[in-house]
Amino acid sequence: MRISTRLALLLGATFAVIMLFYAGISLEQRVRLLRGALIGETETLASTLRIVTDNALRDGRSGDLARLFGEVVADPETVVAAVTDRAGRVVVGGAGGDAACLRRVVPRGPVGPGGARGWADCGMRVRWVVLPAAASAGAVVLARRATVIEHEVAATRRRLLLLTLALVTAAAGIVHGVLRRTLSLPLAAILGGIRSLGGERPPRPIRVSPAAGELHELALAFNAMAAELDERERSLLREGEERVALERRLREAEKFAVIGRVSGGLAHELGSPLAVIAMRADAVAAEPGASAAARRNAEGIAAEVERITRLVEGLLYVGRRRGIEPAPLDLRAVAREVVASLAATGMAAGVEVEVHAPDAPVVVRGQATLLRHVLLNLARNALQALAAAPGGGRRVVVRVEEGDGEARVVVEDNGPGIAPEHLAHVFEPFYTTKGVGEGAGLGLAVSRGIVEEHGGALRVESTGAGVRAVVVLPSAREPAAAGAP
């Protein structure tokens, strides 16, 4: 049972006791008032009857006196109305159908000058008065029922009971409503806020009406405490994420340092042999008497030497940042050039390659050759993923955007996407899901290094229906140079 209900019942019971006590006092006062009125009325009527009796007996009008007492006895409230002689015999009048009551109230002997009066039980409470009659030396007897008092007491008791019940019900309802609004509901809101602390979702602010007084202040204090705890939790989470990111960067730095040392040695040891092999292959291909097969073999050797050279250069770039020479350039031109270079490849694979760019230039500061390499690598990855995907309607979209002081290039495809277990490792050197000979796993690592050298960031997201790669670069304020890049 809620506290508001318990308090309402307690206060209602207390109010009911007070009202019943007040009703008892009021009823007693009402009984006294009615009893006094009945006594006064009986005394007045008895005195009047004695005067009329004395006059009628003195004037010899016994018939009139008998008719008068007959009318008085006919009154439903009158029990006895009679004139007796000295012996107590009824001379005029009598009882209204209750002879026993007549015998109880008629005096057996002479009545004193002041008369006699009292209460009798004639099946009900009866007020009787006996006054001496001077003419016959007898007495005038009058007895009247107290039913008016009893009826009035019963009616008054019912009215007071109904009034008490109505007032108690109304008071309990009002008290319950006020307590529910100012006590139960605020306490329930505060309890719900306390239970939500430490949950997965941040606790919502507790809203308590100012009418709740101290509970409103308690809710405000709780909201401040919950906000502070939530902020501390967020701060701890941020610190944990920053620590994890720092550890990851340290591991990558160590890995890149090893790659740098290894790639430097490879470049030094392989540079001269590769150059000689390339020169000999070119010489074989340029030999006038060489056969077609020899030229094809020489061109294949030159292509493989070029692939090895690019791999070594990629290793060098991953291991050691060489610095860039930034200049204003329009990202739209870079994106269009990349899409144009891949149009034929996409058409052959049945993949549509599109570019979307705003009308106004999107200017950044950077090195066009390196940024072209980044976008080309991202678009080529999308093409390769879609080439192996079944079905039609395959598209690669390159969008150039600008806003909030930054420029963005989004490369998005509608291919199969990247599995979650692979997504966290896409920027690691030599990590690849392609087959042997299809890639060394350096493309995204090199691309991220280039973007970071330009002061930007590269992120790759799997949308569930494809892959979205986003390149974010600081926007340059000065307009792009004519013809850039």
# chains A, B, ... in the order shown; residues from 1 in each chain; ligands from 1
$ residues_around --residues "range 292-301 of chain A" --least-positions-apart "4" --cutoff "9 Å" --atoms "only C-alpha atoms" --output "PyMOL selection string"
chain A and resi 277-278+280-287+305-306
$ write_last_selection --atoms "C-alpha atoms" --output "PDB file, in the first residue's frame"
ATOM      1  CA  ILE A 277      66.631  -6.694 -64.733  1.00  0.00           C
ATOM      2  CA  ALA A 278      64.420  -3.897 -66.029  1.00  0.00           C
ATOM      3  CA  ARG A 280      67.798  -6.160 -69.751  1.00  0.00           C
ATOM      4  CA  ALA A 281      64.088  -6.728 -70.280  1.00  0.00           C
ATOM      5  CA  ASP A 282      63.757  -3.425 -72.141  1.00  0.00           C
ATOM      6  CA  ALA A 283      66.799  -4.358 -74.249  1.00  0.00           C
ATOM      7  CA  VAL A 284      65.278  -7.740 -75.166  1.00  0.00           C
ATOM      8  CA  ALA A 285      61.997  -6.112 -76.077  1.00  0.00           C
ATOM      9  CA  ALA A 286      63.795  -3.494 -78.216  1.00  0.00           C
ATOM     10  CA  GLU A 287      65.973  -6.075 -80.015  1.00  0.00           C
ATOM     11  CA  VAL A 305      59.742  -5.634 -61.837  1.00  0.00           C
ATOM     12  CA  GLU A 306      57.431  -2.600 -61.780  1.00  0.00           C
TER      13      GLU A 306
END
$ atom_distance --atom1 "CA of Arg180 in chain A" --atom2 "CA of Gly213 in chain A"
13.4 Å
$ atom_distance --atom1 "CA of Gly443 in chain A" --atom2 "CA of Ala343 in chain A"
20.3 Å
$ residues_around --residues "Leu7 in chain A" --least-positions-apart "4" --cutoff "12 Å" --atoms "only C-alpha atoms" --output "VMD selection string"
chain A and resid 1 to 3 11 to 15 171 to 180 183 to 184
$ residues_around --residues "range 68-81 of chain A" --least-positions-apart "4" --cutoff "7 Å" --atoms "only C-alpha atoms" --output "VMD selection string"
chain A and resid 64 93 to 96 102 141 to 145
$ write_last_selection --atoms "all heavy atoms" --output "PDB file, in the first residue's frame"
ATOM      1  N   ASP A  64     -69.096  21.420  27.773  1.00  0.00           N
ATOM      2  CA  ASP A  64     -67.996  22.057  27.021  1.00  0.00           C
ATOM      3  C   ASP A  64     -66.644  21.511  27.470  1.00  0.00           C
ATOM      4  O   ASP A  64     -65.724  21.303  26.673  1.00  0.00           O
ATOM      5  CB  ASP A  64     -68.044  23.566  27.207  1.00  0.00           C
ATOM      6  CG  ASP A  64     -69.303  24.176  26.600  1.00  0.00           C
ATOM      7  OD1 ASP A  64     -69.890  23.509  25.701  1.00  0.00           O
ATOM      8  OD2 ASP A  64     -69.655  25.286  26.998  1.00  0.00           O
ATOM      9  N   GLY A  93     -62.624  13.537  30.613  1.00  0.00           N
ATOM     10  CA  GLY A  93     -61.476  13.112  29.808  1.00  0.00           C
ATOM     11  C   GLY A  93     -61.072  11.686  30.092  1.00  0.00           C
ATOM     12  O   GLY A  93     -61.879  10.860  30.523  1.00  0.00           O
ATOM     13  N   GLY A  94     -59.826  11.380  29.866  1.00  0.00           N
ATOM     14  CA  GLY A  94     -59.326  10.033  30.115  1.00  0.00           C
ATOM     15  C   GLY A  94     -58.019   9.792  29.363  1.00  0.00           C
ATOM     16  O   GLY A  94     -57.255  10.719  29.078  1.00  0.00           O
ATOM     17  N   ALA A  95     -57.798   8.506  29.011  1.00  0.00           N
ATOM     18  CA  ALA A  95     -56.563   8.114  28.313  1.00  0.00           C
ATOM     19  C   ALA A  95     -56.853   7.811  26.857  1.00  0.00           C
ATOM     20  O   ALA A  95     -57.938   7.309  26.525  1.00  0.00           O
ATOM     21  CB  ALA A  95     -55.947   6.880  28.982  1.00  0.00           C
ATOM     22  N   GLY A  96     -55.880   8.055  26.017  1.00  0.00           N
ATOM     23  CA  GLY A  96     -56.044   7.788  24.581  1.00  0.00           C
ATOM     24  C   GLY A  96     -55.781   6.340  24.265  1.00  0.00           C
ATOM     25  O   GLY A  96     -54.841   6.000  23.541  1.00  0.00           O
ATOM     26  N   LEU A 102     -52.854   5.572  32.270  1.00  0.00           N
ATOM     27  CA  LEU A 102     -53.703   6.452  33.072  1.00  0.00           C
ATOM     28  C   LEU A 102     -53.550   6.141  34.551  1.00  0.00           C
ATOM     29  O   LEU A 102     -53.441   7.033  35.393  1.00  0.00           O
ATOM     30  CB  LEU A 102     -55.156   6.305  32.632  1.00  0.00           C
ATOM     31  CG  LEU A 102     -56.198   7.106  33.400  1.00  0.00           C
ATOM     32  CD1 LEU A 102     -55.923   8.608  33.237  1.00  0.00           C
ATOM     33  CD2 LEU A 102     -57.596   6.762  32.921  1.00  0.00           C
ATOM     34  N   VAL A 141     -54.842  16.282  35.046  1.00  0.00           N
ATOM     35  CA  VAL A 141     -53.735  15.370  34.696  1.00  0.00           C
ATOM     36  C   VAL A 141     -53.503  15.462  33.183  1.00  0.00           C
ATOM     37  O   VAL A 141     -54.445  15.323  32.390  1.00  0.00           O
ATOM     38  CB  VAL A 141     -54.061  13.925  35.103  1.00  0.00           C
ATOM     39  CG1 VAL A 141     -52.891  13.015  34.753  1.00  0.00           C
ATOM     40  CG2 VAL A 141     -54.385  13.856  36.578  1.00  0.00           C
ATOM     41  N   LEU A 142     -52.235  15.635  32.830  1.00  0.00           N
ATOM     42  CA  LEU A 142     -51.868  15.703  31.396  1.00  0.00           C
ATOM     43  C   LEU A 142     -50.562  14.907  31.198  1.00  0.00           C
ATOM     44  O   LEU A 142     -49.582  15.121  31.920  1.00  0.00           O
ATOM     45  CB  LEU A 142     -51.668  17.138  30.929  1.00  0.00           C
ATOM     46  CG  LEU A 142     -51.252  17.309  29.460  1.00  0.00           C
ATOM     47  CD1 LEU A 142     -52.348  16.815  28.523  1.00  0.00           C
ATOM     48  CD2 LEU A 142     -50.912  18.758  29.164  1.00  0.00           C
ATOM     49  N   ALA A 143     -50.579  14.011  30.241  1.00  0.00           N
ATOM     50  CA  ALA A 143     -49.371  13.219  29.884  1.00  0.00           C
ATOM     51  C   ALA A 143     -49.202  13.217  28.366  1.00  0.00           C
ATOM     52  O   ALA A 143     -50.147  12.893  27.643  1.00  0.00           O
ATOM     53  CB  ALA A 143     -49.493  11.794  30.413  1.00  0.00           C
ATOM     54  N   ARG A 144     -47.988  13.548  27.901  1.00  0.00           N
ATOM     55  CA  ARG A 144     -47.722  13.623  26.444  1.00  0.00           C
ATOM     56  C   ARG A 144     -46.507  12.767  26.089  1.00  0.00           C
ATOM     57  O   ARG A 144     -45.558  12.636  26.861  1.00  0.00           O
ATOM     58  CB  ARG A 144     -47.479  15.078  26.028  1.00  0.00           C
ATOM     59  CG  ARG A 144     -48.757  15.923  26.110  1.00  0.00           C
ATOM     60  CD  ARG A 144     -48.457  17.379  25.748  1.00  0.00           C
ATOM     61  NE  ARG A 144     -47.982  17.521  24.388  1.00  0.00           N
ATOM     62  CZ  ARG A 144     -48.759  17.585  23.309  1.00  0.00           C
ATOM     63  NH1 ARG A 144     -50.076  17.516  23.464  1.00  0.00           N
ATOM     64  NH2 ARG A 144     -48.266  17.733  22.119  1.00  0.00           N
ATOM     65  N   ARG A 145     -46.627  12.174  24.916  1.00  0.00           N
ATOM     66  CA  ARG A 145     -45.542  11.303  24.442  1.00  0.00           C
ATOM     67  C   ARG A 145     -44.281  12.106  24.125  1.00  0.00           C
ATOM     68  O   ARG A 145     -44.351  13.257  23.704  1.00  0.00           O
ATOM     69  CB  ARG A 145     -45.975  10.555  23.178  1.00  0.00           C
ATOM     70  CG  ARG A 145     -47.090   9.550  23.406  1.00  0.00           C
ATOM     71  CD  ARG A 145     -47.349   8.812  22.108  1.00  0.00           C
ATOM     72  NE  ARG A 145     -48.376   7.783  22.287  1.00  0.00           N
ATOM     73  CZ  ARG A 145     -49.659   7.981  22.081  1.00  0.00           C
ATOM     74  NH1 ARG A 145     -50.091   9.185  21.703  1.00  0.00           N
ATOM     75  NH2 ARG A 145     -50.527   6.992  22.271  1.00  0.00           N
TER      76      ARG A 145
END
$ atom_distance --atom1 "CA of Ala389 in chain A" --atom2 "CA of Pro416 in chain A"
6.9 Å
$ residues_around --residues "Thr42 in chain A" --least-positions-apart "4" --cutoff "9 Å" --atoms "only C-alpha atoms" --output "list in words"
Ala37, Leu38, Ala46, Ser47, Arg127, Trp128, Val129, Leu142, Ala143 and Arg144 of chain A
$ residues_around --residues "range 189-197 of chain A" --least-positions-apart "5" --cutoff "12 Å" --atoms "only C-alpha atoms" --output "PyMOL selection string"
chain A and resi 180-184+202-209+212+215-230+233
$ residues_around --residues "Leu378 in chain A" --least-positions-apart "2" --cutoff "9 Å" --atoms "only C-alpha atoms" --output "PyMOL selection string"
chain A and resi 373-376+380-383+411+443-444+447+469
$ closest_residue --among "A:Val130, A:Ala166, A:Val244, A:Leu27" --to "Glu150 in chain A" --atoms "only C-alpha atoms"
A:Leu27
